[in-house]
file work14.cif (mmCIF, C-alpha atoms and all ligand atoms)
data_my_file
#
loop_
_atom_site.label_atom_id
_atom_site.label_comp_id
_atom_site.auth_asym_id
_atom_site.auth_seq_id
_atom_site.Cartn_x
_atom_site.Cartn_y
_atom_site.Cartn_z
CA MET V 1 0.00 0.00 0.00
CA LEU V 2 2.71 2.41 0.97
CA ASP V 3 4.65 1.69 -2.15
CA ARG V 4 1.57 2.22 -4.21
CA GLU V 5 0.93 5.59 -2.50
CA LYS V 6 4.53 6.63 -3.10
CA GLU V 7 4.19 5.66 -6.72
CA LEU V 8 1.04 7.74 -7.10
CA MET V 9 2.63 10.79 -5.46
CA LYS V 10 5.63 10.55 -7.75
CA THR V 11 3.47 10.55 -10.86
CA SER V 12 1.39 13.46 -9.64
CA ARG V 13 4.57 15.47 -8.89
CA LYS V 14 5.89 14.66 -12.35
CA MET V 15 2.63 15.86 -13.86
CA LYS V 16 2.75 19.02 -11.80
CA THR V 17 6.25 19.88 -13.00
CA LYS V 18 5.16 19.08 -16.56
CA MET V 19 2.19 21.36 -16.24
CA GLY V 20 4.35 23.95 -14.63
CA MET V 21 6.72 23.90 -17.63
CA SER V 22 3.98 24.31 -20.21
CA THR V 23 2.32 27.06 -18.21
CA ARG V 24 5.63 28.86 -18.03
CA ILE V 25 6.17 28.53 -21.79
CA ARG V 26 2.67 29.83 -22.39
CA LEU V 27 3.36 32.77 -20.10
CA VAL V 28 6.58 33.66 -21.92
CA VAL V 29 4.85 33.44 -25.28
CA SER V 30 2.05 35.71 -24.11
CA VAL V 31 4.55 38.26 -22.78
CA ILE V 32 6.39 38.28 -26.10
CA ALA V 33 3.08 38.58 -27.95
CA ILE V 34 1.96 41.48 -25.80
CA ALA V 35 5.36 43.15 -26.26
CA LEU V 36 5.12 42.70 -30.05
CA VAL V 37 1.59 44.05 -30.25
CA GLY V 38 2.71 46.97 -28.11
CA ALA V 39 5.67 47.66 -30.39
CA MET V 40 3.48 47.45 -33.47
CA THR V 41 0.80 49.76 -32.15
CA SER V 42 3.38 52.24 -30.92
CA ALA V 43 5.00 52.09 -34.37
CA CYS V 44 1.63 52.81 -35.88
CA THR V 45 0.88 55.74 -33.61
CA LYS V 46 4.35 57.13 -34.25
CA SER V 47 3.73 57.15 -37.99
CA THR V 48 0.68 59.38 -37.51
CA PRO V 49 2.07 62.89 -38.06
CA SER V 50 -0.33 64.54 -35.65
CA LEU V 51 0.96 62.42 -32.76
CA SER V 52 4.69 62.34 -33.37
CA LYS V 53 7.28 63.77 -35.73
CA ASP V 54 9.67 60.88 -35.09
CA PRO V 55 10.59 58.79 -38.08
CA ASN V 56 8.54 55.67 -38.62
CA VAL V 57 9.69 52.43 -36.99
CA GLU V 58 10.45 49.84 -39.60
CA LEU V 59 9.64 46.38 -38.32
CA ILE V 60 10.34 44.61 -41.61
CA GLN V 61 12.93 46.77 -43.29
CA ASP V 62 13.10 45.05 -46.67
CA MET V 63 9.57 46.16 -47.37
CA MET V 64 10.44 49.84 -47.19
CA ASP V 65 13.89 49.81 -48.79
CA SER V 66 13.74 47.45 -51.72
CA PRO V 67 17.01 46.86 -53.55
CA ALA V 68 15.30 47.63 -56.88
CA LEU V 69 16.01 51.09 -58.32
CA LYS V 70 13.14 53.47 -58.79
CA ALA V 71 12.70 55.19 -62.15
CA GLN V 72 14.66 58.46 -62.49
CA ASP V 73 16.31 58.01 -59.09
CA TYR V 74 19.82 59.25 -58.31
CA GLU V 75 22.20 56.34 -58.94
CA PRO V 76 25.89 57.18 -58.41
CA SER V 77 27.21 53.94 -59.94
CA ASN V 78 25.79 54.86 -63.37
CA PRO V 79 27.92 57.25 -65.48
CA THR V 80 24.86 59.45 -66.02
CA LYS V 81 24.08 59.34 -62.24
CA SER V 82 20.55 58.27 -63.07
CA SER V 83 18.85 54.95 -62.38
CA SER V 84 17.39 55.10 -65.90
CA ARG V 85 19.26 53.10 -68.50
CA LEU V 86 19.32 53.48 -72.26
CA PRO V 87 17.39 50.70 -73.98
CA PRO V 88 19.63 48.07 -75.58
CA GLU V 89 20.64 48.69 -79.17
CA GLY V 90 17.98 47.60 -81.62
CA THR V 91 15.09 48.14 -79.18
CA VAL V 92 11.85 48.89 -81.00
CA PRO V 93 8.80 50.60 -79.42
CA VAL V 94 5.57 48.60 -79.36
CA GLY V 95 3.59 49.13 -82.55
CA TYR V 96 6.54 50.58 -84.49
CA THR V 97 7.79 48.85 -87.61
CA PRO V 98 11.39 49.77 -88.39
CA TYR V 99 11.99 50.87 -92.00
CA LYS V 100 14.09 48.17 -93.65
CA TYR V 101 15.61 50.29 -96.39
CA ALA V 102 16.84 53.34 -94.45
CA GLY V 103 19.71 54.87 -96.43
CA ASN V 104 19.27 52.29 -99.19
CA PRO V 105 17.23 53.84 -102.05
CA VAL V 106 18.40 51.35 -104.69
CA GLU V 107 17.22 48.27 -102.80
CA ALA V 108 14.00 50.02 -101.73
CA ALA V 109 13.20 50.89 -105.36
CA GLN V 110 13.71 47.27 -106.38
CA LYS V 111 12.08 45.43 -103.50
CA LEU V 112 9.24 47.59 -102.13
CA LYS V 113 5.92 46.60 -103.66
CA ASN V 114 3.05 49.07 -103.81
CA PRO V 115 0.05 47.45 -102.07
CA LEU V 116 -2.18 49.95 -103.88
CA ALA V 117 -0.53 49.39 -107.29
CA GLY V 118 -2.88 50.43 -110.09
CA ASN V 119 -5.60 51.42 -107.59
CA MET V 120 -6.78 54.74 -109.00
CA SER V 121 -10.07 54.66 -107.12
CA VAL V 122 -11.60 57.93 -105.96
CA GLU V 123 -10.97 56.90 -102.37
CA VAL V 124 -7.21 56.35 -102.86
CA LEU V 125 -6.63 59.39 -105.09
CA GLU V 126 -8.66 61.61 -102.76
CA LEU V 127 -6.54 60.46 -99.81
CA GLY V 128 -3.34 60.96 -101.85
CA ARG V 129 -4.40 64.42 -103.01
CA ARG V 130 -5.27 65.53 -99.48
CA LYS V 131 -1.91 64.38 -98.10
CA PHE V 132 0.05 65.67 -101.12
CA ASP V 133 -1.54 69.13 -100.85
CA ILE V 134 -0.63 69.27 -97.16
CA TYR V 135 2.89 67.83 -97.18
CA CYS V 136 4.33 68.10 -100.70
CA ALA V 137 2.62 70.89 -102.67
CA LEU V 138 4.29 73.78 -100.84
CA CYS V 139 7.59 72.77 -102.49
CA HIS V 140 6.74 70.57 -105.46
CA GLY V 141 3.63 72.57 -106.47
CA VAL V 142 -0.04 71.57 -106.48
CA GLY V 143 0.42 70.00 -109.90
CA GLY V 144 3.83 68.51 -109.02
CA ALA V 145 5.75 70.73 -111.46
CA GLY V 146 8.26 71.95 -108.84
CA ASP V 147 6.62 75.37 -108.55
CA GLY V 148 5.38 75.37 -104.95
CA THR V 149 4.91 78.64 -103.05
CA VAL V 150 8.17 78.34 -101.11
CA ALA V 151 10.19 77.18 -104.16
CA PRO V 152 11.28 80.73 -105.21
CA LYS V 153 12.87 81.20 -101.78
CA MET V 154 14.80 77.95 -101.86
CA ALA V 155 18.45 77.83 -102.92
CA LEU V 156 18.08 74.29 -104.24
CA LYS V 157 14.78 74.28 -106.12
CA PRO V 158 12.46 71.33 -105.51
CA PRO V 159 12.53 69.27 -108.70
CA THR V 160 9.46 68.59 -110.78
CA LEU V 161 7.81 65.25 -110.12
CA LEU V 162 6.64 65.08 -113.75
CA SER V 163 10.13 64.49 -115.16
CA GLU V 164 11.17 61.42 -117.13
CA LYS V 165 13.29 60.48 -114.13
CA ILE V 166 10.36 60.25 -111.70
CA VAL V 167 7.98 58.81 -114.31
CA GLY V 168 10.52 56.03 -114.80
CA MET V 169 11.13 55.57 -111.07
CA THR V 170 9.42 52.59 -109.42
CA ASP V 171 6.60 53.19 -106.92
CA GLY V 172 8.98 51.84 -104.25
CA GLY V 173 11.55 54.48 -105.24
CA ILE V 174 9.07 57.34 -104.69
CA TYR V 175 7.81 55.73 -101.48
CA HIS V 176 11.40 55.53 -100.29
CA ILE V 177 12.01 59.27 -100.86
CA ILE V 178 8.84 60.11 -98.87
CA THR V 179 9.90 57.72 -96.08
CA ASP V 180 13.64 58.31 -95.93
CA GLY V 181 14.11 61.67 -97.66
CA GLN V 182 16.64 62.48 -100.36
CA GLY V 183 19.46 65.02 -100.19
CA VAL V 184 18.05 68.24 -98.70
CA MET V 185 14.50 66.88 -98.63
CA SER V 186 13.95 65.31 -95.24
CA SER V 187 11.89 62.25 -94.31
CA TYR V 188 8.12 62.67 -94.12
CA ALA V 189 7.66 59.40 -92.20
CA TYR V 190 6.92 61.31 -88.98
CA GLN V 191 4.12 63.36 -90.54
CA LEU V 192 2.86 60.53 -92.73
CA VAL V 193 2.89 57.86 -90.02
CA ASN V 194 0.35 55.73 -91.84
CA GLU V 195 2.05 53.78 -94.63
CA LYS V 196 -1.17 53.75 -96.65
CA ASP V 197 -1.04 57.55 -96.83
CA ARG V 198 2.44 57.37 -98.41
CA TRP V 199 1.37 54.82 -101.03
CA ALA V 200 -1.74 56.89 -101.76
CA ILE V 201 0.57 59.88 -102.41
CA VAL V 202 2.61 57.72 -104.80
CA ASN V 203 -0.55 56.87 -106.75
CA TYR V 204 -1.60 60.51 -106.74
CA VAL V 205 1.83 61.52 -108.10
CA ARG V 206 1.29 58.94 -110.88
CA SER V 207 -2.04 60.55 -111.71
CA LEU V 208 -0.39 64.00 -111.77
CA GLN V 209 2.25 62.61 -114.12
CA LYS V 210 -0.47 61.37 -116.50
CA LEU V 211 -2.10 64.81 -116.48
CA GLY V 212 1.29 66.53 -116.78
CA THR V 213 2.44 64.54 -119.78
CA LYS V 214 -0.87 65.18 -121.60
CA LYS V 215 -0.31 68.94 -121.50
C1 LIG V 301 10.49 71.59 -98.04
C2 LIG V 301 10.32 71.33 -99.44
C3 LIG V 301 9.90 69.95 -99.85
C4 LIG V 301 8.80 69.24 -99.46
C5 LIG V 301 7.73 69.66 -98.48
C6 LIG V 301 8.85 67.98 -100.17
N1 LIG V 301 9.93 67.93 -100.97
FE1 LIG V 301 10.40 66.44 -102.25
N2 LIG V 301 12.13 67.39 -102.69
C7 LIG V 301 12.51 68.62 -102.25
C8 LIG V 301 13.82 68.92 -102.72
C9 LIG V 301 14.61 70.21 -102.47
C10 LIG V 301 14.25 67.79 -103.46
C11 LIG V 301 15.59 67.59 -104.12
C12 LIG V 301 16.43 66.91 -103.04
C13 LIG V 301 17.82 66.51 -103.49
O1 LIG V 301 17.90 65.68 -104.42
O2 LIG V 301 18.76 67.00 -102.88
C14 LIG V 301 13.15 66.87 -103.43
C15 LIG V 301 13.12 65.64 -104.10
C16 LIG V 301 12.01 64.84 -104.25
C17 LIG V 301 11.92 63.70 -105.13
C18 LIG V 301 13.03 63.21 -106.05
C19 LIG V 301 13.07 64.13 -107.25
C20 LIG V 301 14.26 63.91 -108.14
O3 LIG V 301 14.21 64.35 -109.28
O4 LIG V 301 15.26 63.30 -107.67
C21 LIG V 301 10.68 63.17 -104.99
C22 LIG V 301 10.09 61.98 -105.72
C23 LIG V 301 10.00 63.99 -104.02
N3 LIG V 301 10.83 64.99 -103.59
C24 LIG V 301 8.71 63.78 -103.59
C25 LIG V 301 8.13 64.45 -102.54
C26 LIG V 301 6.85 64.11 -101.97
C27 LIG V 301 5.96 62.99 -102.43
C28 LIG V 301 6.64 65.00 -100.95
C29 LIG V 301 5.49 65.01 -99.96
C30 LIG V 301 5.39 63.88 -99.10
C31 LIG V 301 7.77 65.91 -100.90
N4 LIG V 301 8.64 65.55 -101.87
C32 LIG V 301 7.88 66.98 -100.05
C33 LIG V 301 11.77 69.45 -101.45
C34 LIG V 301 10.61 69.11 -100.81
#

call {"tool": "encode", "arguments": {"input": "work14.cif", "output": "structure tokens", "more": "lines below"}}
Ligand code: HEC
result
Amino acid sequence: MLDREKELMKTSRKMKTKMGMSTRIRLVVSVIAIALVGAMTSACTKSTPSLSKDPNVELIQDMMDSPALKAQDYEPSNPTKSSSRLPPEGTVPVGYTPYKYAGNPVEAAQKLKNPLAGNMSVEVLELGRRKFDIYCALCHGVGGAGDGTVAPKMALKPPTLLSEKIVGMTDGGIYHIITDGQGVMSSYAYQLVNEKDRWAIVNYVRSLQKLGTKK
């Protein structure tokens, strides 16, 4: 009996110490939790400008200072001291088709095919006339004879577009001059962004040539 009692007491003491341990762990955890919540709320109150002018407390610092560079930031390691980098060579903006024959009129004249070839419909010629009158007539003249309003003031006169040379030029050749320029005439690709407008001008020039040669 005595032994049995002793045995029972031992187990109960063991259980007590066990319980004591877990209670202590729980207590420590709660203290830490309360401390954390306290720190967080105090951090929050500190960030409210009306309550404190102290800088914010950063609990998780990586979230405020990310290693990624912000656009147009100061960046001393870059020669330009800017976080912005030049795009790699050959980068093309979305929706932009690079012109294959830049600086290459001979190849353009041979290889470019007019998608509106022979299309002398009212719609195409009307579009061509509108664009020609806006962008070309001031130099080359409304009829294409090289007698535009600014021509008298120009040192190098704009040539006639009714000449044998231009009559014999391929549609691609004329398209290339509109797109890439020639000599002192600059490119009109920025004004005539739509390629269809340029081809419509080519067709309109052809119609002017037909009228011009009849005279
Ligand atoms: C600011 C005046 C000006 C405007 C605007 C202009 N051109 Fe020209 N164009 C010239 C001059 C000047 C030349 C001669 C350039 C050279 O060869 O140095 C030329 C040359 C040309 C030639 C080649 C002529 C040849 O005999 O070699 C063509 C074709 C032509 N232009 C078409 C056009 C078309 C189409 C437009 C409208 C999209 C246009 N040009 C707008 C001034 C102009």

call {"tool": "residues_near_ligand", "arguments": {"input": "work14.cif", "ligand": "ligand LIG 301 (chain V)", "cutoff": "9 Å", "atoms": "only C-alpha atoms and all ligand atoms", "output": "PyMOL selection string"}}
result
chain V and resi 131-140+144+146+148+150-151+154-166+169+173-179+181-189+191-192+198+201-202+205

call {"tool": "closest_residue", "arguments": {"input": "work14.cif", "among": "V:Gly172, V:Lys196, V:Lys210, V:Leu36", "to": "Val106 in chain V", "atoms": "all atoms listed in the file"}}
result
V:Gly172

call {"tool": "residues_around", "arguments": {"input": "work14.cif", "residues": "range 127-130 of chain V", "least_positions_apart": "4", "cutoff": "7 Å", "atoms": "all atoms listed in the file", "output": "ChimeraX atom specification"}}
result
/V:123,134,197,200-201,203-204

call {"tool": "atom_distance", "arguments": {"input": "work14.cif", "atom1": "CA of Thr170 in chain V", "atom2": "CA of Lys113 in chain V"}}
result
9.0 Å

call {"tool": "residues_around", "arguments": {"input": "work14.cif", "residues": "Ser82 in chain V", "least_positions_apart": "6", "cutoff": "7 Å", "atoms": "only C-alpha atoms", "output": "list in words"}}
result
Gln72, Asp73, Tyr74 and Glu75 of chain V

call {"tool": "closest_residue", "arguments": {"input": "work14.cif", "among": "V:Val193, V:Ala145, V:Met63, V:Ala108", "to": "Asp171 in chain V", "atoms": "all atoms listed in the file"}}
result
V:Ala108

call {"tool": "atom_distance", "arguments": {"input": "work14.cif", "atom1": "CA of Leu211 in chain V", "atom2": "CA of Asp180 in chain V"}}
result
26.7 Å
